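S.K.: Following this message is one structure expressed as C-alpha cells.
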Protein chains: 2
Amino acid sequence: MKLSNGFWQTYKEIPADAEISSHQLMLRAGLIHKSGAGLYNYLPMGLRSIRKVENIIREELNKIGCFEITMTVVTPGELWQETGRWDKMGGLMLRFKDKKDSDLCISPTNEEAVTDIFRKTTKSYKQLPVKLYQINTKFRDEIRPRFGLMRGREFTMKDAYSFHMDKASLDEGYQEMYDAYTAIFTRLGLEFIPVVADGGAMASADSKTHEFQVVANAGEDLIIYSQEAQYAANVEKAQTVRAHSEFNLVLSPLKEVSTPSKSTIEDVCTFLNIPQHHSLKSMMYIATTGQESKLIMALLLGDDFLNEIKLHSFLKCDHLTPASDEQMKSAKLWKGYIGPVCLEADIAMVFDKSINLDASYIIGGNKKDIHIEGYNPKRDTIKIDVADLRLARAGDLTLDGEHIVTEKRGIEVGHVFQLGDKYTKDMKVGILDQNGKLVTPLMGCYGIGVTRVVAAAIEQNHDNNGIIWPKTIAPYDIYFATIVKAEEFVKIADEIYKEMLNAGIEVVYDDRNIGPGNKFKDSDLLGLPFRVVLGERDFGATGELEIIERKTGNVSKVKEDDLISTLINLLK
Amino acid sequence: MKLSNGFWQTYKEIPADAEISSHQLMLRAGLIHKSGAGLYNYLPMGLRSIRKVENIIREELNKIGCFEITMTVVTPGELWQETGRWDKMGGLMLRFKDKKDSDLCISPTNEEAVTDIFRKTTKSYKQLPVKLYQINTKFRDEIRPRFGLMRGREFTMKDAYSFHMDKASLDEGYQEMYDAYTAIFTRLGLEFIPVVADGGAMASADSKTHEFQVVANAGEDLIIYSQEAQYAANVEKAQTVRAHSEFNLVLSPLKEVSTPSKSTIEDVCTFLNIPQHHSLKSMMYIATTGQESKLIMALLLGDDFLNEIKLHSFLKCDHLTPASDEQMKSAKLWKGYIGPVCLEADIAMVFDKSINLDASYIIGGNKKDIHIEGYNPKRDTIKIDVADLRLARAGDLTLDGEHIVTEKRGIEVGHVFQLGDKYTKDMKVGILDQNGKLVTPLMGCYGIGVTRVVAAAIEQNHDNNGIIWPKTIAPYDIYFATIVKAEEFVKIADEIYKEMLNAGIEVVYDDRNIGPGNKFKDSDLLGLPFRVVLGERDFGATGELEIIERKTGNVSKVKEDDLISTLINLLK
C-alpha cells in the first residue's frame, strides 16, 4: 500500500475504555474501529492479519481431511429445542422472533446446526469419520464486553466438529486435531501451552478436553504449570498436592472459645496465635438436581480456597450456588462462625483431601462470636466424604509429589473437546455400522478464536512503541519509509517499491509528505517485521538503504542491488 | 477431493419448496443445505464457488484502489438514528434489544457504519477519494423468502462505498466501479446487461444508478431492451414511446352511457365495440407528505398500465399508496366507474403523456353502472398535469422513436448508485478542502449479491441433467471418474489423481465403489467443466482416457502422457 493514496490512520491518544495493551494498540495502529460496545469493525490493516490467521488455520485443517462449510449466522430455534439448549443456553445467546413469530438466534456455537447437516448427508459407517469446520461470525451478548477483540460481543471463530463411529476413532480424531492446533499456533508464532481443561458437568469421565492458552500477563485464565513435569492445567481443573504442612496431632476435647467479631479465618488464627491451616473453613452451597435442593458444607484448610467446579463435579448436581444469607439463617447458621459440629439442619459435608483427618482444628461454633477448639474429623464427624476441592496454586506439588508448580496467566485461543453422544443422541442421529445396525456416532468439537488470536499475539508481542508482529500474521512484511525531497530520489523510491511488489513482498510504502520522526513512530506502532529506510543523504553518498528489524532493533545497511534478495531471505 | 473419503452427497428428489432450477440443482447437487426458511448453510462444493466469486470481486476492486474492511454484522441503533433510517428502514431490518436494553440490528446495508468509519479516519481532501468495501453476511427478514440463495434471508453481499470531494470525482469513481463490475461479471462468465435503474424518491435528478442484470427466465426483474439502440432499463425506470395508435379525434358532447356490470376497461370497450386506447383508465392514489395527504387521480390510456414509481417520482411525495375502498367511498367514487368529470371531492389529476389531449375518450361516470362518452381532456378539464406514467412494454419505441424495444427477464446481481450527500450531511461529516473550508463529501454505493451470483449463474447455465458451471466459478475443474476393478488400474488412477493435484488442477476424484452410470449422473448434476474417464477396458486396450466437455458434450480421447497438458490447455 502506498500511503499517499492508501487508507490508514494512526492515533496518539489511548482510548479511555482500552485497559490492556492489545486493545490500545489495535485502536491506535488503526487495525480496528469501534462501532459500539463490544463491536469492532476490522480496518484494512487488521483484516489482513485476521485473514492470515484464517488461512493458516485453513491449511492445517485441510491437511488432516477437514472440509470447510459455512453455517448460517442466524439459526432457527427449533434446532436448539431438539437438544434442550434453547432454554439452557442462558443470556449470552441473542434470541429474537422473525416476522412470522418464529424463534431465531444469532448462533454463539453450532453443534445443533452441524449435527443437522451431518444427519442429512451421512448414513453409513463408510463415510465416517466426518470432519467439518467453518470460519464465521459469532455473537455473544456479554454484559461487560471488554479488552477489544479479546472479549468482544461479535467475533470471528473457527469451529470444527468431527463425527466418529466409536471412541477409538474419536480419540484418534482428537489427537489429529490436537496436533493440528499445535502446528497452527506454532506457525502463528505464539508462545502457547496446551492445558488440561475442565469438561464441565456434562462431560463423561473419559472425555478429553484441552485448552490452548497463549501466555500473557493480561490473560483472564490462570494456568497451573510445571515444565519439568510437563504438566499444565487450567486452575479450574488443576490437580495438585498441597506442599507439606505440620498439623496439630495432639487431640483434646472439643471446647468453645469466645472470638468476638473474629469472623474471618485470618482474624481468628491471629487472635488465637495458630497457623491458618490449623483451622477449617466451612463453605455453604445449595446443590440442585431436578426439583430437589440440598444444603452442602465444603470443608477446607483455613488457608485454602474452594474450587467450585471441583465441588460441582463431585456432587454431580445440575446447579451449584453459594447459599444465600437467608438460606443460612433458616438453617441456623451464623455467617463467619459456621462449623461441622453442633448443627441443627441436615447438612451433607465434603472434606477436601488436604485435610488431615487425624489432626485437631479450630472450627466455627455455629453461634455468634464462638469458635470451637479441638475438632478432630475422625472422632467428631460420623460420615466423612473426601474429595479434591481446593484451588491449586503456585507452590503446590504435582500429584506425584516430585515437582513444584507455578502459575502463569493465559489467554484461551483454542479449545478441543470430546462431546461424546450428547448431540447425536438428542438429535436422533443413526449411522449404519458394518452389520447394518444403527449406531449413535460420537462427536468432538474444536474451536479457535480467530480475532482473539490476533489480540493475543499483540498482547504477547509488543513494547512501549507499539506492536511487534510475528512474521506470519503481520498485515504486511515491510514498512518502506523514505526521507527524500529531490525528484530523482522519489523516482528511485517508486522504482524500489515496484520491485518489492514484483518480488511478492507485501509492503507499506510511506511516501507521505511528513517528517521522518512521524514515519518512524507510525512504523514502530504498526510493528511490521522490518523497516526499510531510503534516506536521500545516505543513499546519495553510499547507495545504501537501512534495514531495521522491529523485534531486535538491529540495523543493517544494504546496497540497492542486494535489497530484494536480502529481504526475501529475512522474511523466510 | 477423493470421494471415497470426501464429504459430498447428491440427491435425486426435487425438494417440494424449490420452484426454480437453480434452487433445485443447488440442493440436489449438495451445494447448500437448508437450515430454516430462507436460511442456507453452504456445503463444501457450494462454498468453493462462493469463494471463487468473492476472489474475482476482490481482485477487480483492489485493482481500482478499493480497500477491504469488515464491518460488524450487528450494528447499534444509534448509528441508524443519526440518519433517521432506524424508523424508515421498515420490516426487512431485524431489530432487537441487548441485555442493556440498547437498540441493535442485523445490518441489511451499511451506509451509516461506513460513514462513521470515514468520519473518524479522514479529515483532509488529500485523503480523498476513499473507496472501501466488505464481503459479509447480511440478513433481511423477508416474509416470503424463496428461490434458495436467490432471495434468502441470510446472504453474502459485497458492499462498497466511495467518498468524494465533488460531483466530478463521484462521476469518475462511479464510472471506474461500473467498469470494474463489467470486468467482474465478464470474468464470472455470465450473460449480463447493465440497465438504467430507478434511484428512488430520494435520488437527485443528476444522480446515476445502474443495475447489473443476469438474463434468465426465472428473473424477478423485467428489463426493457433494445440492442440496436443500446438501451436497457429496468421496467421501473424505462422510458419509451408508445407505438403509433389511431385516436378518435372527432369531438362530441359528453354523454352518459349505461354500462351495467362493466367495471373493467376490457368489458366496457368490448361492450361498446371500441379499441381500449379510446378509453381512459383512472387510478386513485393517496400521496402523503409529512402530515398532509392528497387524493390523486392518475389517468392512462385504457390498455396502458401505471408505473407507480414514475407517479411517485413526479409527485415527489413521501409515501404513495393506492386509495382504499373506504377512501374512495368517502370521496364518492364508484370503483370501476371512476372518471375525471362530475367529481365531488377535491382531486389532483395527472395525465400520462401518451394520452392525446385533443382526442375523445370513454371514461368512468362516477356513478354506478355509468360511463361517459365524448370526454376531451383539453375541453373538459381545467388543470392538466402531464407526466410519463405508463409502464414501458415490448413493442414500444425508444425515446427517439427509432427502435422497437423488447422485454427480457433479469436477476439483479449488482447495483451501482450515486448517493450524493444524504448520509454525509445527516451524519455531519466535514472534510477540509484546499482552502481550509469544511465541505460535505459525496458518496456512492455499490453492491453485488455474492451468493445470488452463484444462483444466477446456475439459473443461466444448466440443462436437464444438472449444472453447467462457468469455468471461473466451478467448485472444481475436473470430475475424474474411474471404471476400474483390477488393483493395477486403481493404482494408475491414484497416480493420475496425484499428477492432477501436482499440476494445480482442482479435481473431484470419483473413486467410489459404485457403477459408472451413477458416477456419470453425479458428474452431470455437479456440472464441472470437464469429466475425465478412465475405463479399465478402453485404457487397457489403447492407453487412452476420455475427456467430456460438460457444456457441449464433446468427447475426445487422450493418451495418459498428454492428459495433464491437454487439461491445462482446456482450462485456460
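By order of appearance in the C-alpha cells: chains A, B, ..., then residues from 1 within every chain, and ligands from 1 in the order shown.
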With a distance cut-off of 12 Å and only C-alpha atoms, select the neighbouring residues of Leu563 of chain B, excluding the residue or stretch itself and same-chain residues fewer than 2 positions from it, and output the selection as a short mmCIF file (atom, residue, chain, number, x, y, z; two decimals) with C-alpha atoms, in the first residue's frame.

M.R.:
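What follows is the written file out_39.cif:
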data_model
loop_
_atom_site.label_atom_id
_atom_site.label_comp_id
_atom_site.auth_asym_id
_atom_site.auth_seq_id
_atom_site.Cartn_x
_atom_site.Cartn_y
_atom_site.Cartn_z
CA ILE B 478 -12.38 -31.71 -13.38
CA PHE B 480 -12.28 -37.68 -12.69
CA ILE B 496 -3.15 -39.73 -12.30
CA TYR B 497 -5.12 -38.07 -9.49
CA GLU B 499 -0.47 -35.76 -11.03
CA MET B 500 -3.54 -33.58 -11.48
CA ALA B 503 -0.32 -29.65 -11.68
CA ILE B 505 -5.78 -28.87 -11.25
CA VAL B 532 -12.21 -37.34 -17.38
CA VAL B 533 -12.98 -41.05 -17.52
CA LEU B 534 -10.52 -43.84 -17.01
CA GLY B 543 -3.86 -46.38 -23.10
CA GLU B 544 -6.38 -43.58 -23.57
CA LEU B 545 -8.67 -41.66 -21.27
CA GLU B 546 -11.85 -39.87 -22.29
CA ILE B 547 -12.47 -36.17 -21.80
CA SER B 556 -12.18 -36.57 -27.00
CA LYS B 557 -9.61 -39.25 -26.31
CA VAL B 558 -6.20 -38.56 -24.89
CA LYS B 559 -3.14 -40.65 -24.09
CA GLU B 560 -2.17 -40.77 -20.44
CA ASP B 561 1.05 -38.86 -21.11
CA SER B 565 -1.07 -30.74 -20.66
CA THR B 566 -4.39 -31.22 -22.50
CA LEU B 567 -6.37 -30.40 -19.38
CA ILE B 568 -4.26 -27.35 -18.62
CA ASN B 569 -4.96 -26.10 -22.13
CA LEU B 570 -8.67 -26.77 -21.88
#

S.K.: Using only C-alpha atoms, what table do you get, as CSV, when you list each residue of segment 22-100 of chain A with an atom no more than 12 Å from segment 107-131 of chain B, its nearest pair of atoms, and their distance in Å rounded to one decimal, rows by chain then rising number?

M.R.:
residue,atom,partner,partner_atom,distance
A:Leu27,CA,B:Thr121,CA,11.5
A:Arg28,CA,B:Thr121,CA,11.5
A:Ala29,CA,B:Thr121,CA,11.7
A:Gly30,CA,B:Thr121,CA,8.7
A:Leu31,CA,B:Thr121,CA,11.5
A:Ile32,CA,B:Ile117,CA,9.8
A:His33,CA,B:Ile117,CA,7.0
A:Lys34,CA,B:Ile117,CA,8.7
A:Ser35,CA,B:Ala113,CA,7.3
A:Gly36,CA,B:Ala113,CA,10.3
A:Leu39,CA,B:Ala113,CA,11.4
A:Tyr40,CA,B:Ile117,CA,10.7
A:Asn41,CA,B:Ile117,CA,8.4
A:Tyr42,CA,B:Ile117,CA,10.2
A:Leu43,CA,B:Ile117,CA,8.8
A:Pro44,CA,B:Lys131,CA,11.5

S.K.: Enumerate as a list in words all residues of segment 197-402 of chain B assigned to helix (DSSP H, G or I) by DSSP on the backbone, naming them with the chain letters and numbers the document uses.

M.R.: Ile265, Glu266, Asp267, Val268, Cys269, Thr270, Phe271, Leu272, Gln276, His277, His278, Glu308, Ile309, Lys310, Leu311, His312, Ser313, Phe314, Leu315, Asp325, Glu326, Gln327, Met328, Lys329, Ser330, Pro377, Lys378, Arg379 and Asp380 of chain B

S.K.: Could you list, as a ChimeraX atom specification, every residue within 12 Å of Lys332 of chain B, counting only C-alpha atoms and ignoring same-chain residues fewer than 6 positions away?

M.R.: /B:325-326,338-339,342-347,365-368

S.K.: Point out the residue among A:Arg531, A:Arg95, A:Arg537, A:Arg58 with the least atom-to-atom distance to Val555 of chain A, counting only C-alpha atoms.

M.R.: A:Arg531

S.K.: Atom CA of Ile50 of chain B to atom CA of Arg452 of chain B: how many Å, to one decimal?

M.R.: 9.4 Å

S.K.: Once DSSP has gone over the backbone, tell me which residues of segment 322-369 of chain B are in strand (DSSP E or B), as an MDAnalysis selection string.

M.R.: chainID B and resid 322 348:352 361:367

S.K.: Since we have the selection now, will you write its residues out, keeping C-alpha atoms, as a PDB file, in the first residue's frame?

M.R.:
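Saved file selection-v1.pdb follows:
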ATOM      1  CA  PRO B 322     -53.382   3.067  -3.720  1.00  0.00           C
ATOM      2  CA  ALA B 348     -55.496  16.365  -8.346  1.00  0.00           C
ATOM      3  CA  MET B 349     -55.136  14.797 -11.791  1.00  0.00           C
ATOM      4  CA  VAL B 350     -52.055  13.639 -13.649  1.00  0.00           C
ATOM      5  CA  PHE B 351     -52.324  12.617 -17.295  1.00  0.00           C
ATOM      6  CA  ASP B 352     -49.928  10.161 -18.892  1.00  0.00           C
ATOM      7  CA  TYR B 361     -62.437   9.073 -24.811  1.00  0.00           C
ATOM      8  CA  ILE B 362     -64.811   6.899 -22.857  1.00  0.00           C
ATOM      9  CA  ILE B 363     -64.356   7.478 -19.135  1.00  0.00           C
ATOM     10  CA  GLY B 364     -65.994   6.385 -15.879  1.00  0.00           C
ATOM     11  CA  GLY B 365     -69.135   8.309 -14.969  1.00  0.00           C
ATOM     12  CA  ASN B 366     -68.596   8.436 -11.179  1.00  0.00           C
ATOM     13  CA  LYS B 367     -71.957   6.685 -10.772  1.00  0.00           C
TER      14      LYS B 367
END

S.K.: When you look at Asp318 of chain A with a cut-off of 8 Å (counting only C-alpha atoms), what residues show up, excluding the ones that are within fewer than 2 positions of it in the same chain? I need them as a PyMOL selection string.

M.R.: chain A and resi 201+287-290+316+320

S.K.: Looking at A:Glu60, A:Glu13, A:Glu154, A:Asp562, which one is nearest to chain B, with distances taken over only C-alpha atoms?

M.R.: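 Checking each of A:Glu60, A:Glu13, A:Glu154, A:Asp562 against chain B, counting only C-alpha atoms, the winner is A:Glu154.
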
S.K.: Quick one: everything within 12 Å of segment 186-193 of chain A, counting only C-alpha atoms, minus sequence neighbours fewer than 5 positions away in the same chain. Send it as a short mmCIF file (atom, residue, chain, number, x, y, z; two decimals) with C-alpha atoms, in the first residue's frame.

M.R.:
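And here is the file that came out, part-v1.cif:
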data_model
loop_
_atom_site.label_atom_id
_atom_site.label_comp_id
_atom_site.auth_asym_id
_atom_site.auth_seq_id
_atom_site.Cartn_x
_atom_site.Cartn_y
_atom_site.Cartn_z
CA SER A 49 -3.83 -10.08 9.86
CA ILE A 50 -7.13 -11.81 10.53
CA LYS A 52 -3.56 -14.59 7.54
CA VAL A 53 -4.63 -16.31 10.74
CA GLU A 54 -7.63 -17.77 8.92
CA ASN A 55 -5.51 -19.09 6.10
CA ILE A 56 -3.01 -20.80 8.39
CA ILE A 57 -5.90 -22.46 10.20
CA GLU A 59 -4.27 -25.00 5.54
CA GLU A 60 -3.63 -27.09 8.63
CA TYR A 178 -4.59 -31.52 18.90
CA ASP A 179 -1.57 -31.91 16.64
CA ALA A 180 -3.07 -29.59 14.00
CA TYR A 181 -3.65 -26.98 16.71
CA HIS A 210 -7.64 -29.26 26.36
CA GLU A 211 -7.37 -25.52 26.07
CA PHE A 212 -4.65 -23.83 24.05
CA GLN A 213 -3.51 -20.87 26.11
CA VAL A 214 -1.34 -18.01 24.91
CA VAL A 215 0.88 -16.94 27.78
CA ALA A 216 0.35 -13.25 28.61
CA GLY A 219 -4.75 -13.26 30.29
CA ASP A 221 -7.16 -17.60 32.74
CA LEU A 222 -4.83 -18.93 35.43
CA ILE A 223 -2.67 -21.89 34.46
CA ILE A 224 -1.03 -24.24 36.94
CA TYR A 225 2.22 -25.24 35.37
CA SER A 226 5.31 -27.36 35.78
CA GLN A 227 7.71 -27.50 32.91
CA GLN A 230 5.21 -31.34 31.57
CA TYR A 231 2.05 -30.50 33.44
CA ALA A 232 -0.26 -27.66 32.56
CA ALA A 233 -3.86 -27.31 33.56
CA ASN A 234 -6.41 -24.57 33.85
CA LYS A 408 1.02 -18.41 34.57
CA ARG A 409 -1.67 -16.24 33.11
CA GLY A 410 -3.09 -17.27 29.76
CA ILE A 411 -5.46 -16.19 27.01
CA GLU A 412 -7.55 -19.09 25.79
CA VAL A 413 -7.29 -19.09 22.00
CA GLY A 414 -8.30 -22.66 21.28
CA HIS A 415 -10.25 -25.49 22.78
CA VAL A 450 -9.63 -16.15 15.22
CA VAL A 453 -5.68 -14.83 18.30
CA VAL A 454 -4.76 -11.51 16.72
CA ALA A 455 -5.32 -9.67 20.01
CA ALA A 456 -3.40 -12.35 21.95
CA ALA A 457 -0.49 -12.17 19.50
CA ILE A 458 -0.24 -8.43 20.14
CA GLU A 459 -0.66 -8.85 23.89
CA GLN A 460 2.31 -11.21 23.83
CA ASN A 461 4.37 -9.26 21.32
CA ILE A 468 5.89 -6.44 17.19
CA TRP A 469 4.11 -8.78 14.80
CA PRO A 470 5.01 -12.43 14.37
CA LYS A 471 6.12 -12.64 10.72
CA THR A 472 3.34 -14.99 9.64
CA ILE A 473 0.48 -12.72 10.62
CA ALA A 474 1.85 -9.22 10.17
#

S.K.: Do you have the atom CA of Met1 of chain B-atom CA of Leu571 of chain B distance handy?

M.R.: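 That distance, rounded to one decimal, is 18.1 Å.
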
S.K.: As JSON, numbers by chain, please: the residues near Leu399 of chain A (cut-off 9 Å, only C-alpha atoms, same-chain neighbours under 5 positions excluded).

M.R.: {"A": [239, 240, 241]}

S.K.: Would you save the residues from that selection as a compact mmCIF listing (two decimals), in the first residue's frame, using C-alpha atoms?

M.R.:
# COMPACT_ATOMS: atom_id res chain seq x y z
CA GLN A 239 -4.99 -31.29 40.44
CA THR A 240 -2.02 -30.82 42.74
CA VAL A 241 -0.86 -31.80 46.19

S.K.: When you count only C-alpha atoms, which of these residues is closest to chain B: A:Glu308, A:Asp433, A:Glu19, A:Glu68?

M.R.: A:Glu68

S.K.: Pick the closest to Ala183 of chain A from A:Thr137, A:Lys63, A:Leu389, A:Lys437: which is it, counting only C-alpha atoms?

M.R.: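 Smallest separation from Ala183 of chain A among the options: A:Lys63.
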
S.K.: Of the residues A:Val386, A:Ile309, A:Val235, A:Leu280, which is the one nearest to Gly336 of chain A, using only C-alpha atoms?

M.R.: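 Of A:Val386, A:Ile309, A:Val235, A:Leu280, the one nearest Gly336 of chain A, counting only C-alpha atoms, is A:Leu280.
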
S.K.: Name all residues at most 6 Å from Gln134 of chain B (count only C-alpha atoms; drop same-chain ones fewer than 5 positions away) and give them as a list in words.

M.R.: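 Counting only C-alpha atoms, the residues come to Glu68, Ile69, Thr70, Lys158 and Asp159 of chain B.
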
S.K.: Please, what distance in Å, to one decimal, runs between atom CA of Thr451 of chain B and atom CA of Pro475 of chain B?

M.R.: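 Value for the atom CA of Thr451 of chain B-atom CA of Pro475 of chain B distance: 13.5 Å.
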
S.K.: Point out the residue among A:Ile143, A:Leu501, A:Ile135, A:Ile20 with the least atom-to-atom distance to chain B, counting only C-alpha atoms.

M.R.: A:Ile143
